[in-house]
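Source file structure.pdb; content: PDB, C-alpha atoms, pLDDT in the B column.
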```
ATOM      1  CA  VAL A 152      16.965   2.800  -0.530  1.00 93.00           C
ATOM      2  CA  PHE A 153      14.471   1.713  -3.201  1.00 95.00           C
ATOM      3  CA  ARG A 154      11.585   2.737  -0.950  1.00 95.00           C
ATOM      4  CA  LEU A 155      13.070   6.160  -0.290  1.00 95.00           C
ATOM      5  CA  ALA A 156      13.825   6.742  -3.991  1.00 95.00           C
ATOM      6  CA  PHE A 157      10.304   5.608  -4.909  1.00 96.00           C
ATOM      7  CA  GLY A 158       8.711   7.967  -2.403  1.00 95.00           C
ATOM      8  CA  LEU A 159      10.888  10.919  -3.386  1.00 95.00           C
ATOM      9  CA  THR A 160      10.098  10.654  -7.116  1.00 95.00           C
ATOM     10  CA  ALA A 161       6.411   9.894  -6.494  1.00 95.00           C
ATOM     11  CA  VAL A 162       6.059  13.101  -4.474  1.00 94.00           C
ATOM     12  CA  MET A 163       7.814  15.144  -7.168  1.00 94.00           C
ATOM     13  CA  ALA A 164       5.504  13.623  -9.779  1.00 93.00           C
ATOM     14  CA  VAL A 165       2.409  14.952  -7.954  1.00 92.00           C
ATOM     15  CA  THR A 166       3.921  18.344  -7.063  1.00 91.00           C
ATOM     16  CA  SER A 167       2.741  21.294  -9.171  1.00 88.00           C
ATOM     17  CA  ALA A 168       5.432  22.716 -11.452  1.00 88.00           C
ATOM     18  CA  ARG A 169       3.474  25.995 -11.544  1.00 89.00           C
ATOM     19  CA  ASP A 170       3.950  26.601  -7.823  1.00 89.00           C
ATOM     20  CA  VAL A 171       7.443  25.107  -7.379  1.00 91.00           C
ATOM     21  CA  THR A 172      10.449  26.144  -9.456  1.00 90.00           C
ATOM     22  CA  SER A 173      11.995  23.640 -11.874  1.00 91.00           C
ATOM     23  CA  GLY A 174      15.249  23.661  -9.910  1.00 91.00           C
ATOM     24  CA  PHE A 175      13.569  21.708  -7.119  1.00 93.00           C
ATOM     25  CA  PHE A 176      12.780  18.833  -9.488  1.00 95.00           C
ATOM     26  CA  ARG A 177      16.211  18.932 -11.158  1.00 94.00           C
ATOM     27  CA  VAL A 178      18.247  18.973  -7.947  1.00 94.00           C
ATOM     28  CA  HIS A 179      16.248  16.255  -6.250  1.00 94.00           C
ATOM     29  CA  LEU A 180      16.356  14.026  -9.300  1.00 96.00           C
ATOM     30  CA  TRP A 181      20.105  14.193  -8.717  1.00 96.00           C
ATOM     31  CA  VAL A 182      19.379  12.999  -5.173  1.00 95.00           C
ATOM     32  CA  GLY A 183      17.429  10.109  -6.715  1.00 94.00           C
ATOM     33  CA  LEU A 184      20.363   9.467  -9.049  1.00 96.00           C
ATOM     34  CA  GLY A 185      22.657   9.243  -6.015  1.00 95.00           C
ATOM     35  CA  LEU A 186      20.304   6.900  -4.183  1.00 95.00           C
ATOM     36  CA  ASN A 187      20.022   4.522  -7.129  1.00 95.00           C
ATOM     37  CA  THR A 188      23.766   4.620  -7.762  1.00 95.00           C
ATOM     38  CA  PHE A 189      24.268   3.693  -4.109  1.00 95.00           C
ATOM     39  CA  SER A 190      21.747   0.837  -4.389  1.00 93.00           C
ATOM     40  CA  ALA A 191      23.581  -0.442  -7.499  1.00 92.00           C
ATOM     41  CA  ALA A 192      26.862  -0.407  -5.558  1.00 91.00           C
ATOM     42  CA  VAL A 193      25.271  -2.322  -2.658  1.00 90.00           C
ATOM     43  CA  VAL A 194      23.629  -4.897  -4.938  1.00 88.00           C
ATOM     44  CA  ALA A 195      26.943  -5.400  -6.767  1.00 86.00           C
ATOM     45  CA  THR A 196      28.443  -6.648  -3.488  1.00 86.00           C
ATOM     46  CA  MET A 197      25.670  -9.214  -2.951  1.00 78.00           C
ATOM     47  CA  PRO A 198      26.539 -12.902  -3.501  1.00 73.00           C
ATOM     48  CA  THR A 199      25.916 -13.769  -7.154  1.00 66.00           C
ATOM     49  CA  GLN A 200      24.021 -16.934  -6.199  1.00 61.00           C
ATOM     50  CA  LEU A 201      21.190 -14.860  -4.738  1.00 66.00           C
ATOM     51  CA  PRO A 202      18.365 -14.825  -7.329  1.00 67.00           C
ATOM     52  CA  GLN A 203      17.568 -11.130  -6.721  1.00 71.00           C
ATOM     53  CA  SER A 204      21.085  -9.795  -7.238  1.00 75.00           C
ATOM     54  CA  ARG A 205      21.269  -9.446 -11.026  1.00 82.00           C
ATOM     55  CA  PRO A 206      17.681  -8.131 -11.596  1.00 86.00           C
ATOM     56  CA  LEU A 207      18.092  -5.623  -8.742  1.00 90.00           C
ATOM     57  CA  LEU A 208      21.366  -4.407 -10.240  1.00 90.00           C
ATOM     58  CA  TRP A 209      19.700  -3.685 -13.590  1.00 93.00           C
ATOM     59  CA  ILE A 210      16.723  -2.045 -11.861  1.00 94.00           C
ATOM     60  CA  SER A 211      19.118   0.247  -9.978  1.00 94.00           C
ATOM     61  CA  ILE A 212      21.015   1.144 -13.141  1.00 94.00           C
ATOM     62  CA  LEU A 213      17.792   1.820 -15.082  1.00 96.00           C
ATOM     63  CA  ALA A 214      16.420   4.059 -12.308  1.00 96.00           C
ATOM     64  CA  ALA A 215      19.729   5.968 -12.133  1.00 96.00           C
ATOM     65  CA  ILE A 216      19.774   6.548 -15.901  1.00 96.00           C
ATOM     66  CA  LEU A 217      16.142   7.701 -15.932  1.00 96.00           C
ATOM     67  CA  SER A 218      16.846  10.077 -13.022  1.00 96.00           C
ATOM     68  CA  TYR A 219      19.671  11.680 -14.990  1.00 96.00           C
ATOM     69  CA  VAL A 220      17.513  11.974 -18.129  1.00 96.00           C
ATOM     70  CA  GLY A 221      14.715  13.542 -16.086  1.00 95.00           C
ATOM     71  CA  SER A 222      17.088  16.092 -14.568  1.00 95.00           C
ATOM     72  CA  ILE A 223      18.043  17.219 -18.083  1.00 96.00           C
ATOM     73  CA  PHE A 224      14.390  17.816 -18.974  1.00 95.00           C
ATOM     74  CA  TRP A 225      13.893  19.907 -15.823  1.00 94.00           C
ATOM     75  CA  LEU A 226      17.146  21.772 -16.493  1.00 94.00           C
ATOM     76  CA  TYR A 227      15.557  23.096 -19.684  1.00 93.00           C
ATOM     77  CA  GLU A 228      12.171  23.476 -17.941  1.00 91.00           C
ATOM     78  CA  LYS A 229      10.445  20.821 -20.050  1.00 93.00           C
ATOM     79  CA  ALA A 230       7.815  20.014 -17.454  1.00 92.00           C
ATOM     80  CA  THR A 231       5.688  17.547 -19.435  1.00 93.00           C
ATOM     81  CA  PRO A 232       8.423  15.067 -20.466  1.00 94.00           C
ATOM     82  CA  GLY A 233      10.109  15.668 -17.114  1.00 94.00           C
ATOM     83  CA  ARG A 234       6.952  14.556 -15.287  1.00 94.00           C
ATOM     84  CA  TRP A 235       6.616  11.461 -17.488  1.00 96.00           C
ATOM     85  CA  VAL A 236      10.173  10.479 -16.599  1.00 96.00           C
ATOM     86  CA  LEU A 237       9.357  11.000 -12.910  1.00 96.00           C
ATOM     87  CA  TRP A 238       6.497   8.519 -13.190  1.00 96.00           C
ATOM     88  CA  PHE A 239       8.771   6.000 -14.942  1.00 96.00           C
ATOM     89  CA  VAL A 240      11.431   6.344 -12.229  1.00 96.00           C
ATOM     90  CA  THR A 241       8.726   5.970  -9.577  1.00 96.00           C
ATOM     91  CA  ALA A 242       7.456   2.722 -11.138  1.00 96.00           C
ATOM     92  CA  VAL A 243      10.975   1.283 -11.510  1.00 96.00           C
ATOM     93  CA  ASN A 244      11.881   2.058  -7.886  1.00 96.00           C
ATOM     94  CA  LEU A 245       8.607   0.578  -6.594  1.00 95.00           C
ATOM     95  CA  ALA A 246       9.333  -2.585  -8.587  1.00 93.00           C
ATOM     96  CA  GLY A 247      12.798  -2.672  -7.056  1.00 93.00           C
ATOM     97  CA  ALA A 248      11.408  -2.220  -3.529  1.00 92.00           C
ATOM     98  CA  CYS A 249       8.904  -5.055  -4.008  1.00 90.00           C
ATOM     99  CA  PHE A 250      11.442  -7.358  -5.659  1.00 88.00           C
ATOM    100  CA  ALA A 251      13.997  -6.742  -2.907  1.00 85.00           C
ATOM    101  CA  SER A 252      11.441  -7.845  -0.298  1.00 81.00           C
ATOM    102  CA  ALA A 253      10.522 -11.032  -2.174  1.00 75.00           C
ATOM    103  CA  GLY A 254      12.390 -14.303  -2.402  1.00 60.00           C
ATOM    104  CA  GLY A 255      13.186 -17.020   0.054  1.00 52.00           C
ATOM    105  CA  GLU A 256      11.054 -19.731   1.617  1.00 50.00           C
ATOM    106  CA  SER A 257       9.494 -17.371   4.187  1.00 56.00           C
ATOM    107  CA  SER A 258       8.686 -14.625   1.700  1.00 67.00           C
ATOM    108  CA  PRO A 259       5.464 -12.737   2.574  1.00 72.00           C
ATOM    109  CA  PRO A 260       2.530 -12.919   0.134  1.00 80.00           C
ATOM    110  CA  PHE A 261       2.688 -10.565  -2.849  1.00 84.00           C
ATOM    111  CA  TRP A 262      -0.111  -8.293  -1.585  1.00 84.00           C
ATOM    112  CA  ALA A 263       1.684  -7.859   1.756  1.00 85.00           C
ATOM    113  CA  ILE A 264       4.968  -7.019   0.001  1.00 87.00           C
ATOM    114  CA  THR A 265       3.209  -4.485  -2.235  1.00 90.00           C
ATOM    115  CA  LEU A 266       1.351  -2.784   0.623  1.00 92.00           C
ATOM    116  CA  ASP A 267       4.503  -2.759   2.749  1.00 91.00           C
ATOM    117  CA  SER A 268       6.674  -1.199   0.023  1.00 92.00           C
ATOM    118  CA  LEU A 269       3.977   1.253  -1.066  1.00 95.00           C
ATOM    119  CA  SER A 270       3.062   2.515   2.407  1.00 94.00           C
ATOM    120  CA  SER A 271       6.671   2.668   3.611  1.00 94.00           C
ATOM    121  CA  GLY A 272       7.858   4.457   0.465  1.00 95.00           C
ATOM    122  CA  LEU A 273       5.082   7.046   0.603  1.00 96.00           C
ATOM    123  CA  LEU A 274       5.712   7.762   4.287  1.00 96.00           C
ATOM    124  CA  LEU A 275       9.445   8.213   3.682  1.00 96.00           C
ATOM    125  CA  GLY A 276       8.857  10.155   0.474  1.00 95.00           C
ATOM    126  CA  PHE A 277       6.351  12.676   1.806  1.00 96.00           C
ATOM    127  CA  THR A 278       8.360  13.282   4.995  1.00 95.00           C
ATOM    128  CA  PHE A 279      11.713  13.603   3.206  1.00 95.00           C
ATOM    129  CA  SER A 280      10.285  15.708   0.371  1.00 94.00           C
ATOM    130  CA  ALA A 281       8.453  18.048   2.748  1.00 94.00           C
ATOM    131  CA  MET A 282      11.746  18.709   4.505  1.00 94.00           C
ATOM    132  CA  LEU A 283      13.524  19.288   1.174  1.00 93.00           C
ATOM    133  CA  LEU A 284      10.769  21.593  -0.067  1.00 93.00           C
ATOM    134  CA  GLY A 285      10.838  23.543   3.196  1.00 91.00           C
ATOM    135  CA  HIS A 286      14.569  24.008   2.699  1.00 89.00           C
ATOM    136  CA  TRP A 287      13.910  25.132  -0.890  1.00 90.00           C
ATOM    137  CA  TYR A 288      11.980  28.146   0.424  1.00 87.00           C
ATOM    138  CA  LEU A 289      15.331  29.472   1.650  1.00 82.00           C
ATOM    139  CA  ASN A 290      16.451  29.551  -2.013  1.00 80.00           C
ATOM    140  CA  THR A 291      13.126  30.817  -3.384  1.00 82.00           C
ATOM    141  CA  PRO A 292      11.292  32.684  -0.584  1.00 79.00           C
ATOM    142  CA  SER A 293       8.693  34.053  -3.030  1.00 81.00           C
ATOM    143  CA  MET A 294       7.104  30.623  -3.587  1.00 84.00           C
ATOM    144  CA  LYS A 295       3.548  30.086  -2.380  1.00 86.00           C
ATOM    145  CA  MET A 296       2.998  28.258   0.892  1.00 89.00           C
ATOM    146  CA  ALA A 297       0.375  25.912  -0.585  1.00 90.00           C
ATOM    147  CA  PRO A 298       2.777  23.220  -1.964  1.00 91.00           C
ATOM    148  CA  LEU A 299       4.431  22.709   1.434  1.00 92.00           C
ATOM    149  CA  GLN A 300       1.077  22.693   3.221  1.00 93.00           C
ATOM    150  CA  ARG A 301      -0.180  20.091   0.745  1.00 93.00           C
ATOM    151  CA  LEU A 302       2.848  17.868   1.357  1.00 94.00           C
ATOM    152  CA  ILE A 303       2.361  18.026   5.126  1.00 95.00           C
ATOM    153  CA  ILE A 304      -1.294  17.008   4.739  1.00 95.00           C
ATOM    154  CA  LEU A 305      -0.265  14.097   2.497  1.00 95.00           C
ATOM    155  CA  MET A 306       2.446  13.218   4.994  1.00 95.00           C
ATOM    156  CA  GLY A 307      -0.283  12.827   7.617  1.00 95.00           C
ATOM    157  CA  VAL A 308      -2.306  10.643   5.234  1.00 96.00           C
ATOM    158  CA  ALA A 309       0.787   8.505   4.558  1.00 96.00           C
ATOM    159  CA  VAL A 310       1.322   8.043   8.312  1.00 96.00           C
ATOM    160  CA  LEU A 311      -2.295   6.896   8.679  1.00 96.00           C
ATOM    161  CA  PHE A 312      -1.949   4.507   5.703  1.00 96.00           C
ATOM    162  CA  ARG A 313       1.254   3.066   7.161  1.00 95.00           C
ATOM    163  CA  ALA A 314      -0.366   2.700  10.587  1.00 94.00           C
ATOM    164  CA  VAL A 315      -3.263   0.700   9.092  1.00 94.00           C
ATOM    165  CA  VAL A 316      -0.828  -1.616   7.283  1.00 92.00           C
ATOM    166  CA  GLY A 317       1.223  -2.044  10.463  1.00 90.00           C
ATOM    167  CA  ALA A 318      -1.855  -2.705  12.594  1.00 91.00           C
ATOM    168  CA  CYS A 319      -3.031  -5.383  10.148  1.00 89.00           C
ATOM    169  CA  GLY A 320       0.422  -6.953  10.320  1.00 86.00           C
ATOM    170  CA  ILE A 321       0.222  -7.063  14.114  1.00 86.00           C
ATOM    171  CA  LEU A 322      -3.193  -8.718  14.037  1.00 87.00           C
ATOM    172  CA  LEU A 323      -2.185 -11.255  11.369  1.00 84.00           C
ATOM    173  CA  GLY A 324       1.453 -11.958  12.076  1.00 77.00           C
ATOM    174  CA  ILE A 325       2.421 -11.667  15.748  1.00 81.00           C
ATOM    175  CA  THR A 326       2.844 -14.982  17.574  1.00 79.00           C
ATOM    176  CA  PRO A 327       2.301 -15.672  21.312  1.00 80.00           C
ATOM    177  CA  GLU A 328       6.065 -16.247  21.680  1.00 81.00           C
ATOM    178  CA  GLN A 329       6.784 -12.747  20.337  1.00 78.00           C
ATOM    179  CA  LEU A 330       4.288 -11.203  22.747  1.00 79.00           C
ATOM    180  CA  GLN A 331       6.282 -12.759  25.599  1.00 81.00           C
ATOM    181  CA  SER A 332       9.582 -11.333  24.323  1.00 83.00           C
ATOM    182  CA  GLN A 333      10.622  -8.122  26.073  1.00 86.00           C
ATOM    183  CA  ALA A 334      13.037  -7.227  23.264  1.00 86.00           C
ATOM    184  CA  PHE A 335      10.368  -7.658  20.582  1.00 86.00           C
ATOM    185  CA  LEU A 336       7.838  -5.547  22.487  1.00 90.00           C
ATOM    186  CA  SER A 337      10.451  -2.840  23.076  1.00 90.00           C
ATOM    187  CA  PHE A 338      11.252  -2.585  19.365  1.00 90.00           C
ATOM    188  CA  LEU A 339       7.538  -2.648  18.519  1.00 90.00           C
ATOM    189  CA  ALA A 340       6.945   0.249  20.938  1.00 92.00           C
ATOM    190  CA  LEU A 341       9.853   2.172  19.411  1.00 92.00           C
ATOM    191  CA  ARG A 342       8.453   1.554  15.932  1.00 92.00           C
ATOM    192  CA  TRP A 343       5.038   2.956  16.820  1.00 94.00           C
ATOM    193  CA  LEU A 344       6.009   5.732  19.224  1.00 93.00           C
ATOM    194  CA  ALA A 345       8.728   7.215  16.990  1.00 91.00           C
ATOM    195  CA  GLY A 346       7.838   6.117  13.470  1.00 91.00           C
ATOM    196  CA  LEU A 347       4.073   6.661  13.549  1.00 94.00           C
ATOM    197  CA  ILE A 348       2.673   8.486  16.580  1.00 95.00           C
ATOM    198  CA  GLY A 349       5.681  10.788  16.945  1.00 95.00           C
ATOM    199  CA  LEU A 350       5.708  11.438  13.220  1.00 95.00           C
ATOM    200  CA  ALA A 351       2.021  12.403  13.274  1.00 96.00           C
ATOM    201  CA  VAL A 352       2.688  14.849  16.132  1.00 96.00           C
ATOM    202  CA  LEU A 353       5.574  16.423  14.224  1.00 96.00           C
ATOM    203  CA  ALA A 354       3.412  16.779  11.095  1.00 95.00           C
ATOM    204  CA  TRP A 355       0.796  18.607  13.196  1.00 96.00           C
ATOM    205  CA  MET A 356       3.489  20.855  14.705  1.00 95.00           C
ATOM    206  CA  SER A 357       4.796  21.703  11.221  1.00 94.00           C
ATOM    207  CA  TRP A 358       1.279  22.543  10.062  1.00 94.00           C
ATOM    208  CA  GLN A 359       0.731  24.845  13.025  1.00 94.00           C
ATOM    209  CA  THR A 360       4.099  26.529  12.453  1.00 93.00           C
ATOM    210  CA  LEU A 361       3.176  27.297   8.840  1.00 91.00           C
ATOM    211  CA  LYS A 362       0.154  29.220  10.091  1.00 89.00           C
ATOM    212  CA  ILE A 363       2.465  31.852  11.627  1.00 88.00           C
ATOM    213  CA  PRO A 364       3.881  31.585   8.858  1.00 83.00           C
ATOM    214  CA  ASN A 365       7.454  30.462   9.452  1.00 87.00           C
ATOM    215  CA  THR A 366       8.851  28.062   6.860  1.00 88.00           C
ATOM    216  CA  GLN A 367      12.294  27.973   8.475  1.00 89.00           C
ATOM    217  CA  SER A 368      10.972  26.706  11.819  1.00 91.00           C
ATOM    218  CA  ALA A 369       8.649  24.263  10.050  1.00 91.00           C
ATOM    219  CA  THR A 370      11.637  22.916   8.117  1.00 91.00           C
ATOM    220  CA  GLY A 371      13.527  22.403  11.379  1.00 93.00           C
ATOM    221  CA  ILE A 372      10.628  20.327  12.712  1.00 94.00           C
ATOM    222  CA  LEU A 373      10.576  18.349   9.472  1.00 95.00           C
ATOM    223  CA  TYR A 374      14.273  17.557   9.901  1.00 95.00           C
ATOM    224  CA  VAL A 375      13.352  15.808  13.164  1.00 95.00           C
ATOM    225  CA  ALA A 376      10.435  14.123  11.369  1.00 96.00           C
ATOM    226  CA  VAL A 377      12.846  12.654   8.801  1.00 96.00           C
ATOM    227  CA  ILE A 378      14.910  11.133  11.629  1.00 96.00           C
ATOM    228  CA  PHE A 379      11.748   9.684  13.191  1.00 96.00           C
ATOM    229  CA  ALA A 380      10.638   8.290   9.818  1.00 96.00           C
ATOM    230  CA  PHE A 381      13.970   6.551   9.201  1.00 96.00           C
ATOM    231  CA  LEU A 382      14.076   5.212  12.755  1.00 95.00           C
ATOM    232  CA  GLY A 383      10.538   3.867  12.482  1.00 94.00           C
ATOM    233  CA  GLU A 384      10.989   2.259   9.075  1.00 94.00           C
ATOM    234  CA  LEU A 385      14.331   0.642   9.906  1.00 94.00           C
ATOM    235  CA  THR A 386      12.814  -0.770  13.089  1.00 93.00           C
ATOM    236  CA  SER A 387       9.842  -1.971  11.045  1.00 91.00           C
ATOM    237  CA  GLN A 388      12.147  -3.872   8.691  1.00 89.00           C
ATOM    238  CA  LEU A 389      13.904  -5.541  11.650  1.00 89.00           C
ATOM    239  CA  LEU A 390      10.552  -6.599  13.111  1.00 87.00           C
ATOM    240  CA  SER A 391       9.092  -7.698   9.758  1.00 83.00           C
ATOM    241  CA  ALA A 392      12.035 -10.051   9.189  1.00 80.00           C
ATOM    242  CA  GLN A 393      10.522 -12.223  11.949  1.00 76.00           C
ATOM    243  CA  SER A 394       6.941 -12.004  10.676  1.00 77.00           C
ATOM    244  CA  PRO A 395       5.087 -13.051   7.496  1.00 77.00           C
ATOM    245  CA  PHE A 396       3.439  -9.612   7.415  1.00 82.00           C
ATOM    246  CA  PRO A 397       4.783  -6.035   7.698  1.00 83.00           C
ATOM    247  CA  LEU A 398       4.806  -4.608  11.222  1.00 82.00           C
TER     248      LEU A 398
END
```

Mind turning this structure into structure tokens?
Amino acid sequence: VFRLAFGLTAVMAVTSARDVTSGFFRVHLWVGLGLNTFSAAVVATMPTQLPQSRPLLWISILAAILSYVGSIFWLYEKATPGRWVLWFVTAVNLAGACFASAGGESSPPFWAITLDSLSSGLLLGFTFSAMLLGHWYLNTPSMKMAPLQRLIILMGVAVLFRAVVGACGILLGITPEQLQSQAFLSFLALRWLAGLIGLAVLAWMSWQTLKIPNTQSATGILYVAVIFAFLGELTSQLLSAQSPFPL
């Protein structure tokens, strides 16, 4: 949840307010508010003896409050303070994502945690936000096509970044015993075929569809891309729990 909230707010922070209406930022800050409220509820159920529980609860609450404050700025079309708040929410959620992955005797090194959270959050954020922006064209059909095209390009870059991180994790972290496990190899294939290769194909299909141009069809493809992204990242977390490096 922290990774998704980080990616969503990071994408909004780099999206032009001149080309996209302020309602997009306001409404999807409410989505961020919901995500962080949900993360606070989940953390509140964690055993109190876990060292991450109390800091993660306060991180969730802080991110939720900042999301609400940011939505007020965008409600009154105050783009400059609204963008500053977006960057603050982005930083808080990234800290939460990194902190949630740390702790325990088998905790990965800090650089691996940071790269894992950063690459995963950006992949989820660009894919999810591209789908949301494509849907926004149904509300505001007069918007330029450039913002959505830019997000799809960045989505492709995020997939490549995530693939490099995952490939490094495979080279550094996979053991001979895992290579002999049929279940492990099956999940690894699912992670790459759906969450990376399939996602790259869907990004290309969306780009080609926008050349028609047809934002509605492109948005439908991006809906499938969101499913692939979630499937790939959840599988990645299952695999990474057995490895010192992200897979």

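Evaluated against the shown file, the PyMOL selection byres ((chain A and resi 292) around 12) gives Asp170, Val171, Thr172, Leu284, Gly285, His286, Trp287, Tyr288, Leu289, Asn290, Thr291, Ser293, Met294, Lys295, Met296, Asn365, Thr366 and Gln367 of chain A.
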
- [ ] With the file shown as input, list the residues that the PyMOL selection byres ((chain A and resi 305) around 10) selects, as number ranges by chain.
- [x] A: 162, 273-274, 277-278, 281, 299-304, 306-311, 354

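Closest approach to A:Phe175 among A:Leu283, A:Val375, A:Val315, A:Ala369: A:Leu283, based on all atoms listed in the file.
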
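Taken over the whole file, the PyMOL selection byres ((chain A and resi 314) around 10) covers exactly A:Ser270, A:Ser271, A:Val308, A:Ala309, A:Val310, A:Leu311, A:Phe312, A:Arg313, A:Val315, A:Val316, A:Gly317, A:Ala318, A:Cys319, A:Gly320, A:Trp343, A:Gly346, A:Leu347, A:Ile348, A:Leu398.
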
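Atom CA of A:Ser391 lies 15.0 Å from atom CA of A:Glu328.
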